[in-house]
>>> print(open('structure-v9.txt').read())   # compact mmCIF, C-alpha atoms
# COMPACT_ATOMS: atom_id res chain seq x y z
CA MET A 1 -10.07 -4.86 -28.25
CA ALA A 2 -10.21 -2.05 -25.67
CA LEU A 3 -8.27 -2.54 -22.42
CA TRP A 4 -11.29 -1.43 -20.38
CA ALA A 5 -15.00 -1.70 -21.12
CA VAL A 6 -16.99 1.44 -20.28
CA HIS A 7 -19.18 0.93 -17.21
CA GLY A 8 -22.75 1.93 -18.08
CA ASN A 9 -22.73 5.25 -19.88
CA GLY A 10 -19.42 6.14 -18.25
CA ARG A 11 -20.83 9.25 -16.58
CA ARG A 12 -23.40 8.25 -13.99
CA LEU A 13 -22.68 5.77 -11.22
CA PRO A 14 -25.51 4.63 -8.91
CA ARG A 15 -24.59 4.38 -5.24
CA ASP A 16 -24.51 0.59 -5.02
CA SER A 17 -22.81 -0.13 -8.35
CA VAL A 18 -19.24 -1.45 -8.50
CA VAL A 19 -16.73 -0.65 -11.24
CA THR A 20 -14.61 -3.77 -11.77
CA SER A 21 -10.94 -3.96 -12.67
CA GLU A 22 -11.71 -4.49 -16.37
CA GLU A 23 -14.07 -1.50 -16.54
CA ARG A 24 -13.66 2.25 -16.49
CA LEU A 25 -15.78 5.38 -16.42
CA SER A 26 -15.40 8.28 -18.84
CA TRP A 27 -11.78 9.44 -19.05
CA PRO A 28 -12.40 12.74 -17.16
CA LEU A 29 -13.91 10.78 -14.25
CA THR A 30 -11.22 8.11 -14.48
CA ILE A 31 -8.57 10.81 -14.27
CA GLY A 32 -10.33 12.19 -11.20
CA PHE A 33 -10.23 8.80 -9.47
CA GLY A 34 -6.61 8.45 -10.53
CA VAL A 35 -5.80 11.76 -8.84
CA GLN A 36 -7.32 10.40 -5.63
CA HIS A 37 -4.89 7.48 -5.83
CA LEU A 38 -2.09 9.96 -6.49
CA PHE A 39 -2.89 11.91 -3.33
CA ALA A 40 -3.19 8.68 -1.33
CA MET A 41 0.29 7.45 -2.22
CA PHE A 42 2.21 10.70 -2.70
CA GLY A 43 3.06 11.64 0.90
CA THR A 44 4.57 8.32 1.97
CA THR A 45 6.13 7.51 -1.41
CA THR A 46 8.10 10.77 -1.30
CA LEU A 47 8.80 10.61 2.45
CA VAL A 48 10.55 7.22 2.39
CA PRO A 49 13.37 8.30 0.03
CA LEU A 50 13.89 11.42 2.16
CA LEU A 51 14.42 9.16 5.19
CA THR A 52 16.68 6.69 3.37
CA GLY A 53 18.71 9.12 1.26
CA PHE A 54 17.42 8.13 -2.18
CA PRO A 55 16.42 10.71 -4.81
CA VAL A 56 12.72 11.54 -4.46
CA ALA A 57 12.12 12.08 -8.18
CA THR A 58 13.76 8.74 -9.01
CA THR A 59 11.59 6.91 -6.49
CA LEU A 60 8.49 8.61 -7.89
CA LEU A 61 9.47 7.65 -11.45
CA LEU A 62 10.16 4.00 -10.60
CA SER A 63 7.03 3.79 -8.48
CA GLY A 64 4.97 4.75 -11.52
CA VAL A 65 6.87 2.46 -13.88
CA GLY A 66 6.67 -0.39 -11.36
CA THR A 67 2.90 0.04 -11.10
CA LEU A 68 2.53 -0.12 -14.89
CA LEU A 69 4.69 -3.27 -14.94
CA PHE A 70 2.53 -4.78 -12.19
CA LEU A 71 -0.68 -4.05 -14.13
CA VAL A 72 0.76 -5.67 -17.26
CA ILE A 73 1.92 -8.82 -15.44
CA THR A 74 -1.39 -9.23 -13.60
CA ARG A 75 -3.18 -8.80 -16.95
CA ASN A 76 -5.16 -5.80 -15.75
CA ARG A 77 -7.03 -7.89 -13.18
CA VAL A 78 -5.53 -6.67 -9.88
CA PRO A 79 -6.05 -2.97 -9.12
CA SER A 80 -3.08 -1.72 -7.13
CA TYR A 81 -0.58 1.10 -6.82
CA LEU A 82 2.99 0.24 -5.83
CA GLY A 83 4.54 2.90 -3.62
CA SER A 84 7.58 3.11 -1.37
CA SER A 85 7.55 0.51 1.41
CA VAL A 86 7.86 2.09 4.86
CA ALA A 87 9.01 -1.26 6.29
CA PHE A 88 12.48 -0.73 4.77
CA VAL A 89 13.26 2.54 6.57
CA VAL A 90 14.47 1.16 9.92
CA PRO A 91 16.43 -1.87 8.57
CA MET A 92 18.20 0.29 5.98
CA SER A 93 19.01 2.92 8.59
CA ALA A 94 20.48 0.13 10.72
CA ALA A 95 22.58 -1.07 7.76
CA VAL A 96 23.93 2.46 7.31
CA SER A 97 24.83 2.89 10.98
CA GLU A 98 26.18 -0.63 11.61
CA VAL A 99 28.10 -1.51 8.43
CA GLY A 100 28.40 1.91 6.79
CA ALA A 101 26.27 0.95 3.79
CA GLY A 102 25.93 3.62 1.12
CA PRO A 103 23.00 4.18 -1.27
CA ALA A 104 24.44 1.80 -3.88
CA ALA A 105 24.77 -1.05 -1.36
CA LEU A 106 21.25 -0.43 -0.03
CA LEU A 107 19.90 -0.61 -3.57
CA GLY A 108 21.66 -3.94 -4.02
CA GLY A 109 19.87 -5.21 -0.93
CA ILE A 110 16.54 -4.02 -2.33
CA MET A 111 17.20 -5.95 -5.54
CA VAL A 112 17.92 -9.13 -3.54
CA VAL A 113 14.64 -8.74 -1.68
CA GLY A 114 12.79 -8.22 -4.96
CA LEU A 115 14.39 -11.39 -6.35
CA VAL A 116 13.16 -13.43 -3.36
CA VAL A 117 9.62 -12.06 -3.76
CA LEU A 118 9.80 -12.91 -7.46
CA ALA A 119 10.93 -16.47 -6.66
CA PHE A 120 8.04 -16.90 -4.24
CA GLY A 121 5.64 -15.70 -6.93
CA VAL A 122 7.06 -18.20 -9.42
CA ALA A 123 6.61 -20.98 -6.83
CA VAL A 124 2.97 -20.01 -6.24
CA LYS A 125 2.42 -19.82 -9.98
CA ALA A 126 3.97 -23.26 -10.55
CA LEU A 127 2.57 -25.14 -7.56
CA GLY A 128 -0.84 -23.50 -7.45
CA VAL A 129 -2.77 -21.35 -5.03
CA ARG A 130 -2.91 -24.21 -2.50
CA LEU A 131 0.68 -23.38 -1.58
CA LEU A 132 -0.54 -19.92 -0.65
CA GLU A 133 -3.55 -21.20 1.28
CA THR A 134 -1.25 -23.48 3.27
CA ALA A 135 1.22 -20.71 4.09
CA MET A 136 -1.29 -17.87 4.42
CA PRO A 137 -4.85 -19.01 5.15
CA PRO A 138 -7.59 -16.37 5.68
CA VAL A 139 -6.94 -16.28 9.41
CA VAL A 140 -3.39 -15.12 8.66
CA THR A 141 -4.14 -12.69 5.84
CA GLY A 142 -6.97 -11.11 7.82
CA ALA A 143 -4.60 -10.54 10.73
CA ILE A 144 -1.97 -8.93 8.51
CA VAL A 145 -4.54 -6.63 6.87
CA LEU A 146 -5.83 -5.62 10.30
CA MET A 147 -2.31 -5.10 11.61
CA ILE A 148 -1.27 -2.98 8.62
CA GLY A 149 -4.35 -0.78 8.93
CA LEU A 150 -4.05 -0.28 12.69
CA SER A 151 -0.25 0.13 12.64
CA LEU A 152 -0.72 3.18 10.41
CA ALA A 153 -3.09 4.80 12.92
CA PRO A 154 -0.36 6.69 14.84
CA GLN A 155 0.89 8.14 11.55
CA SER A 156 -2.59 9.44 10.68
CA VAL A 157 -3.26 10.80 14.15
CA SER A 158 0.16 12.47 14.32
CA SER A 159 -0.43 14.14 10.96
CA PHE A 160 -3.96 15.13 12.00
CA ASP A 161 -2.65 16.79 15.17
CA GLN A 162 -0.30 19.04 13.19
CA GLN A 163 -3.18 21.07 11.76
CA ARG A 164 -6.45 20.18 13.43
CA VAL A 165 -8.81 22.59 11.64
CA PRO A 166 -7.96 21.76 7.99
CA ALA A 167 -7.59 18.10 9.00
CA ALA A 168 -11.05 18.14 10.58
CA LEU A 169 -12.51 19.80 7.49
CA THR A 170 -10.98 17.08 5.30
CA LEU A 171 -12.14 14.30 7.62
CA GLY A 172 -15.64 15.75 7.90
CA THR A 173 -15.94 16.22 4.13
CA VAL A 174 -14.80 12.67 3.35
CA VAL A 175 -17.10 11.06 5.93
CA LEU A 176 -20.10 13.27 5.11
CA LEU A 177 -19.88 12.76 1.35
CA THR A 178 -19.27 9.04 1.74
CA VAL A 179 -22.36 8.65 3.94
CA ILE A 180 -24.91 10.99 2.38
CA SER A 181 -23.98 11.26 -1.29
CA ARG A 182 -25.47 8.72 -3.69
CA GLY A 183 -23.72 10.18 -6.71
CA MET A 184 -20.23 10.88 -7.94
CA ALA A 185 -19.45 13.24 -5.04
CA GLY A 186 -19.48 10.29 -2.66
CA ARG A 187 -17.09 8.38 -4.90
CA ALA A 188 -14.74 11.38 -5.10
CA ALA A 189 -14.99 12.13 -1.38
CA VAL A 190 -11.25 11.72 -0.73
CA LEU A 191 -10.23 14.09 -3.52
CA ILE A 192 -12.86 16.68 -2.57
CA GLY A 193 -11.91 16.43 1.11
CA VAL A 194 -8.22 16.97 0.37
CA LEU A 195 -9.02 19.97 -1.84
CA VAL A 196 -11.28 21.49 0.85
CA GLY A 197 -8.57 21.13 3.49
CA TRP A 198 -5.86 22.46 1.18
CA VAL A 199 -7.91 25.52 0.15
CA TYR A 200 -8.65 26.35 3.79
CA ALA A 201 -5.00 25.98 4.78
CA ALA A 202 -3.88 28.13 1.83
CA THR A 203 -6.48 30.81 2.59
CA MET A 204 -5.53 30.95 6.27
CA GLY A 205 -1.79 30.99 5.55
CA GLN A 206 -1.22 27.54 7.07
CA LEU A 207 0.80 26.02 4.23
CA VAL A 208 4.37 25.16 5.22
CA PRO A 209 6.51 28.18 4.15
CA GLU A 210 9.46 26.02 3.13
CA ARG A 211 7.27 23.96 0.79
CA VAL A 212 5.73 27.08 -0.72
CA ALA A 213 9.24 28.46 -1.26
CA ARG A 214 10.32 25.24 -2.96
CA LEU A 215 7.26 25.50 -5.19
CA ALA A 216 8.28 28.99 -6.29
CA GLU A 217 11.89 27.96 -6.92
CA ALA A 218 11.28 24.57 -8.55
CA PRO A 219 11.89 24.35 -12.31
CA TRP A 220 9.16 23.06 -14.57
CA ILE A 221 11.35 20.36 -16.12
CA GLY A 222 13.98 18.19 -14.45
CA PHE A 223 15.45 14.71 -14.89
CA PRO A 224 15.56 12.08 -12.12
CA GLN A 225 18.98 11.03 -10.85
CA LEU A 226 19.85 7.38 -11.52
CA ILE A 227 22.13 5.35 -9.22
CA THR A 228 23.93 2.09 -10.06
CA PRO A 229 23.37 -0.59 -7.37
CA GLN A 230 26.04 -2.77 -5.76
CA VAL A 231 25.28 -6.02 -3.96
CA HIS A 232 27.11 -6.19 -0.61
CA VAL A 233 26.75 -9.37 1.47
CA SER A 234 26.94 -7.34 4.69
CA VAL A 235 23.71 -5.50 3.86
CA VAL A 236 21.61 -8.54 2.92
CA PRO A 237 20.91 -9.77 6.52
CA PHE A 238 19.41 -6.39 7.39
CA VAL A 239 16.84 -6.41 4.59
CA LEU A 240 16.28 -10.07 3.66
CA PRO A 241 13.53 -10.65 6.29
CA LEU A 242 11.58 -7.91 4.56
CA ALA A 243 10.97 -10.27 1.64
CA ILE A 244 8.43 -12.05 3.85
CA VAL A 245 6.88 -8.71 4.75
CA LEU A 246 6.50 -7.74 1.08
CA VAL A 247 4.98 -11.14 0.26
CA ALA A 248 2.61 -10.80 3.20
CA GLU A 249 1.65 -7.24 2.20
CA HIS A 250 0.99 -8.15 -1.42
CA VAL A 251 -1.11 -11.18 -0.51
CA ALA A 252 -2.97 -9.44 2.30
CA HIS A 253 -3.76 -6.42 0.14
CA LEU A 254 -4.93 -8.66 -2.70
CA LYS A 255 -7.19 -10.50 -0.25
CA ALA A 256 -8.46 -7.14 0.99
CA VAL A 257 -9.37 -6.02 -2.53
CA ALA A 258 -11.03 -9.38 -3.15
CA ALA A 259 -13.05 -9.04 0.05
CA VAL A 260 -14.37 -5.54 -0.63
CA SER A 261 -14.94 -6.10 -4.36
CA GLY A 262 -16.53 -9.53 -3.98
CA ARG A 263 -14.26 -11.12 -6.60
CA ASP A 264 -12.00 -14.15 -6.41
CA LEU A 265 -8.46 -12.93 -7.07
CA ASP A 266 -6.62 -16.07 -5.89
CA PRO A 267 -5.71 -17.09 -9.47
CA TYR A 268 -3.67 -13.89 -9.77
CA VAL A 269 -1.68 -14.16 -6.52
CA GLY A 270 1.36 -15.63 -8.27
CA ASP A 271 1.24 -12.91 -10.93
CA ALA A 272 0.90 -10.23 -8.25
CA LEU A 273 3.99 -11.49 -6.41
CA ILE A 274 5.96 -11.77 -9.66
CA GLY A 275 4.92 -8.23 -10.60
CA GLY A 276 5.74 -6.89 -7.15
CA GLY A 277 9.13 -8.63 -7.10
CA LEU A 278 10.06 -7.35 -10.56
CA ALA A 279 8.92 -3.83 -9.66
CA THR A 280 11.10 -3.86 -6.53
CA MET A 281 14.08 -5.17 -8.49
CA LEU A 282 13.55 -2.50 -11.16
CA SER A 283 13.32 0.22 -8.52
CA GLY A 284 16.47 -0.97 -6.78
CA SER A 285 18.34 -1.19 -10.09
CA ALA A 286 18.16 2.56 -10.73
CA GLY A 287 17.95 4.38 -7.41
CA GLY A 288 14.39 3.96 -6.13
CA SER A 289 12.96 2.61 -2.90
CA ALA A 290 11.50 -0.86 -2.49
CA VAL A 291 7.84 -0.84 -3.52
CA SER A 292 4.73 -2.59 -2.29
CA SER A 293 1.00 -2.32 -2.78
CA TYR A 294 -0.39 0.55 -0.75
CA ALA A 295 -2.91 0.38 2.07
CA ALA A 296 -4.13 3.93 1.44
CA ASN A 297 -4.94 3.17 -2.20
CA ILE A 298 -6.91 0.10 -1.18
CA GLY A 299 -8.76 2.37 1.23
CA VAL A 300 -9.59 4.64 -1.70
CA MET A 301 -11.03 1.68 -3.61
CA ALA A 302 -13.05 0.54 -0.59
CA ALA A 303 -14.45 4.06 -0.16
CA THR A 304 -15.30 4.61 -3.84
CA ARG A 305 -16.12 1.03 -4.91
CA VAL A 306 -14.19 1.81 -8.09
CA TYR A 307 -11.69 -1.01 -8.67
CA SER A 308 -10.79 -0.01 -12.22
CA THR A 309 -7.15 -0.58 -13.07
CA ALA A 310 -7.55 2.41 -15.39
CA SER A 311 -7.49 4.66 -12.30
CA CYS A 312 -4.27 2.99 -11.12
CA PHE A 313 -2.89 3.43 -14.65
CA VAL A 314 -3.69 7.17 -14.52
CA ALA A 315 -2.00 7.49 -11.11
CA ALA A 316 1.10 5.68 -12.39
CA VAL A 317 1.37 7.88 -15.49
CA ALA A 318 0.84 10.98 -13.33
CA ALA A 319 3.66 9.87 -11.02
CA ILE A 320 5.99 9.45 -14.00
CA VAL A 321 5.07 12.90 -15.32
CA LEU A 322 5.59 14.44 -11.87
CA SER A 323 9.03 12.86 -11.61
CA PHE A 324 10.09 14.95 -14.61
CA SER A 325 8.45 18.13 -13.29
CA PRO A 326 9.81 19.36 -9.96
CA LYS A 327 7.25 22.21 -10.12
CA LEU A 328 4.21 19.92 -10.17
CA SER A 329 5.71 17.62 -7.52
CA ALA A 330 6.32 20.64 -5.31
CA LEU A 331 2.72 21.77 -5.82
CA ILE A 332 1.30 18.47 -4.58
CA ASN A 333 3.84 18.52 -1.76
CA THR A 334 2.23 21.73 -0.45
CA VAL A 335 -0.79 19.70 0.69
CA PRO A 336 -0.45 19.92 4.50
CA MET A 337 0.29 16.77 6.47
CA GLY A 338 -2.77 17.51 8.60
CA VAL A 339 -4.98 17.36 5.52
CA LEU A 340 -3.49 14.01 4.51
CA GLY A 341 -3.97 12.85 8.10
CA GLY A 342 -7.66 13.70 7.91
CA ALA A 343 -8.06 11.64 4.74
CA THR A 344 -5.97 8.66 5.83
CA LEU A 345 -7.80 8.47 9.16
CA VAL A 346 -10.80 7.24 7.16
CA LEU A 347 -8.85 5.14 4.66
CA PHE A 348 -6.71 3.25 7.17
CA GLY A 349 -9.74 2.60 9.37
CA MET A 350 -11.56 1.08 6.40
CA LEU A 351 -8.56 -1.09 5.60
CA ALA A 352 -8.32 -2.39 9.18
CA LEU A 353 -11.98 -3.41 9.12
CA VAL A 354 -11.42 -5.26 5.84
CA GLY A 355 -9.14 -7.57 7.86
CA VAL A 356 -12.04 -8.22 10.23
CA ARG A 357 -14.29 -8.88 7.23
CA ILE A 358 -11.85 -11.51 5.94
CA TRP A 359 -12.05 -13.23 9.32
CA LEU A 360 -15.84 -13.10 9.33
CA ASP A 361 -16.10 -14.48 5.80
CA ALA A 362 -13.76 -17.36 6.76
CA ARG A 363 -15.66 -17.92 10.04
CA VAL A 364 -12.48 -17.81 12.10
CA ASP A 365 -12.97 -19.41 15.52
CA PHE A 366 -11.84 -16.98 18.20
CA ALA A 367 -12.57 -19.47 20.94
CA ASP A 368 -9.52 -21.36 19.61
CA PRO A 369 -6.53 -20.60 21.90
CA VAL A 370 -4.08 -20.78 18.97
CA ASN A 371 -5.94 -18.03 17.14
CA LEU A 372 -6.22 -15.90 20.26
CA ALA A 373 -2.61 -16.29 21.37
CA VAL A 374 -0.72 -15.97 18.08
CA LEU A 375 -2.90 -13.47 16.24
CA GLY A 376 -3.55 -11.32 19.30
CA THR A 377 0.13 -11.10 20.19
CA ALA A 378 1.26 -10.36 16.64
CA VAL A 379 -1.41 -7.70 16.05
CA ILE A 380 -0.64 -5.85 19.30
CA ALA A 381 3.10 -6.04 18.58
CA GLY A 382 2.57 -4.63 15.10
CA VAL A 383 0.15 -1.91 16.18
CA GLY A 384 2.30 -0.92 19.16
CA ASP A 385 5.46 -1.08 17.01
CA LEU A 386 7.25 -3.29 19.53
CA THR A 387 10.79 -3.17 18.16
CA LEU A 388 13.08 -6.15 18.83
CA SER A 389 16.88 -6.19 18.64
CA VAL A 390 18.72 -9.23 17.31
CA GLY A 391 22.39 -8.36 17.72
CA ASP A 392 22.81 -5.11 15.84
CA LEU A 393 19.62 -5.65 13.83
CA ARG A 394 16.45 -3.79 14.91
CA ILE A 395 13.17 -5.34 13.75
CA THR A 396 10.01 -3.25 13.93
CA GLY A 397 6.73 -4.62 15.22
CA LEU A 398 5.10 -4.65 11.79
CA VAL A 399 8.01 -6.68 10.36
CA TRP A 400 8.33 -9.34 13.04
CA GLY A 401 4.58 -9.38 13.63
CA SER A 402 4.01 -10.28 9.97
CA ILE A 403 6.84 -12.83 10.00
CA GLY A 404 5.52 -14.30 13.23
CA ILE A 405 2.02 -14.74 11.86
CA VAL A 406 3.22 -16.31 8.60
CA ILE A 407 5.79 -18.69 10.14
CA VAL A 408 4.72 -19.37 13.74
CA TYR A 409 0.97 -19.71 13.26
CA PRO A 410 1.08 -22.76 10.90
CA LEU A 411 3.55 -24.51 13.23
CA LEU A 412 1.40 -24.01 16.31
CA ARG A 413 -1.73 -24.88 14.33
CA ASN A 414 -0.19 -28.23 13.37
CA LEU A 415 0.92 -28.90 16.95
CA ALA A 416 -2.58 -28.18 18.21
CA ASP A 417 -4.08 -30.49 15.57
CA VAL A 418 -1.70 -33.29 16.60
CA ARG A 419 -2.70 -32.76 20.23
CA ASP A 420 -6.40 -32.96 19.35
CA VAL A 421 -5.86 -36.20 17.42
CA ARG A 422 -4.07 -37.74 20.39
CA ASP A 423 -6.82 -36.64 22.77
CA VAL A 424 -9.44 -38.29 20.55
CA ALA A 425 -7.40 -41.48 20.32
>>> encode(input="structure-v9.txt", output="structure tokens")
Amino acid sequence: MALWAVHGNGRRLPRDSVVTSEERLSWPLTIGFGVQHLFAMFGTTTLVPLLTGFPVATTLLLSGVGTLLFLVITRNRVPSYLGSSVAFVVPMSAAVSEVGAGPAALLGGIMVVGLVVLAFGVAVKALGVRLLETAMPPVVTGAIVLMIGLSLAPQSVSSFDQQRVPAALTLGTVVLLTVISRGMAGRAAVLIGVLVGWVYAATMGQLVPERVARLAEAPWIGFPQLITPQVHVSVVPFVLPLAIVLVAEHVAHLKAVAAVSGRDLDPYVGDALIGGGLATMLSGSAGGSAVSSYAANIGVMAATRVYSTASCFVAAVAAIVLSFSPKLSALINTVPMGVLGGATLVLFGMLALVGVRIWLDARVDFADPVNLAVLGTAVIAGVGDLTLSVGDLRITGLVWGSIGIVIVYPLLRNLADVRDVRDVA
């Protein structure tokens, strides 16, 4: 039996049709959609190891392998790409500066976080999706999706400002094709927009000289560097809270995909957490960054309405191939940050509005003071990146905002319900 059924004739895709996770288009088109996912994840997935001191090629390799593992564990039902988690950058930097943690100790911490995410997935799998609905009802997941989308806005705008003309060309191409095209061009708007911006920048001599030089010098074949992890107790407090963030990201992103695709993915939440936890443990075991499902890739799916796991499979295989070819990695790395900013400006905006859609579908009551106070505070903290210091530990707004929503909201909700019962009595 084939892994994916061919959607229609595999070549033509009417504007309103949706390609489900179990379907695919012709392989040339599927590869094209996979390349869009590759562009969406590449910048951040390679930036995180540069900021944390891990080998870029190793992170790219384990990102691809982790995505394939995730697809296998979720039985090809949850389209997702697992890339480097930005949430780990600040806590790991703090661990380096405060306790002198080296790469091996940081990797040990990543493995511990992956183990906790795995354990949570096993609990959801064993106790049922009601555990998830109790801990993370739609009001919570919608807030986290919205917060993730909006918190990435400064990154997109900053990248856009670096090269306004090619960024504007990319943004204009993506928006125009998405709105007016009823054919495949609208589905491939992100890829076409990135190519338009890149060609303009290359023609006008606006590619970063250092990246062009690295492209010329890079060998065609190279092998990723592997690092053996070491678990140090002193590092664990810095990264352990991020287990909740990864759980929240995986669940929120799965809910986002379910909302835009119109499919019930709740039965696969436990599998998704198990797959995400194992992928993070695998990455930490050999020298890669912690991985999580990616907002930008969900934005690609929302823009194209192609939810085929075959496209994610292509992106994962491409990442593995690139990890063994410094030349090809360097070529993709020549895409200007401004061009990526133009594309992600659309994708992150779409993701943020998916959070609003989750609220609307669940008919969240925003006259309720608990909803207004908790969700409003957490979202603004996450979007504004309000960093808190607990001793020597610095917690970013996205981290504590997510933790606050997941932990504080149910407590206050129960207190408010008890109050209402007493008032009635």
>>> closest_residue(input="structure-v9.txt", among="A:Ala279, A:Leu340, A:Leu412, A:Ala362", to="Val157 of chain A", atoms="only C-alpha atoms")
A:Leu340
>>> atom_distance(input="structure-v9.txt", atom1="atom CA of Leu150 of chain A", atom2="atom CA of Val383 of chain A")
5.7 Å
>>> closest_atom_pairs(input="structure-v9.txt", of="segment 134-202 of chain A", to="segment 234-250 of chain A", cutoff="8 Å", atoms="all atoms listed in the file", output="CSV")
residue,atom,partner,partner_atom,distance
A:Thr141,CA,A:Ala248,CA,7.5
A:Ile144,CA,A:Ala248,CA,7.3
A:Val145,CA,A:Glu249,CA,7.8
>>> write_last_selection(input="structure-v9.txt", atoms="C-alpha atoms", output="CSV table (one decimal), in the coordinates of the input")
chain,number,residue,atom,x,y,z
A,141,THR,CA,-4.1,-12.7,5.8
A,144,ILE,CA,-2.0,-8.9,8.5
A,145,VAL,CA,-4.5,-6.6,6.9
>>> closest_atom_pairs(input="structure-v9.txt", of="segment 188-299 of chain A", to="segment 105-114 of chain A", cutoff="6 Å", atoms="only C-alpha atoms", output="CSV")
residue,atom,partner,partner_atom,distance
A:Pro229,CA,A:Gly108,CA,5.0
A:Gln230,CA,A:Gly108,CA,4.9
A:Val231,CA,A:Gly108,CA,4.2
A:His232,CA,A:Ala105,CA,5.7
A:Val236,CA,A:Gly109,CA,5.4
A:Leu240,CA,A:Val113,CA,5.7
A:Ala243,CA,A:Val113,CA,5.2
A:Gly277,CA,A:Gly114,CA,4.3
A:Thr280,CA,A:Gly114,CA,4.9
A:Met281,CA,A:Met111,CA,4.4
A:Gly284,CA,A:Leu107,CA,4.7
A:Ala290,CA,A:Ile110,CA,6.0
>>> closest_residue(input="structure-v9.txt", among="A:Ser151, A:Ser84, A:Asn76, A:Ser159", to="Val335 of chain A", atoms="all atoms listed in the file")
A:Ser159
>>> atom_distance(input="structure-v9.txt", atom1="atom CA of Gly222 of chain A", atom2="atom CA of Ala319 of chain A")
13.7 Å
>>> closest_residue(input="structure-v9.txt", among="A:Cys312, A:Gly397, A:Phe223, A:Arg130", to="Leu68 of chain A", atoms="all atoms listed in the file")
A:Cys312
>>> atom_distance(input="structure-v9.txt", atom1="atom CA of Ala87 of chain A", atom2="atom CA of Arg211 of chain A")
25.9 Å
>>> closest_residue(input="structure-v9.txt", among="A:Ala381, A:Leu25, A:Leu61, A:Ala252", to="Val306 of chain A", atoms="all atoms listed in the file")
A:Leu25
>>> closest_residue(input="structure-v9.txt", among="A:Thr344, A:Ser308, A:Thr74, A:Thr387", to="Ala153 of chain A", atoms="all atoms listed in the file")
A:Thr344
>>> axis_aligned_box(input="structure-v9.txt", around="segment 53-56 of chain A", padding_each_side="4 Å", output="AutoDock Vina command-line options")
--center_x 15.7 --center_y 9.8 --center_z -1.8 --size_x 14.0 --size_y 11.4 --size_z 14.1
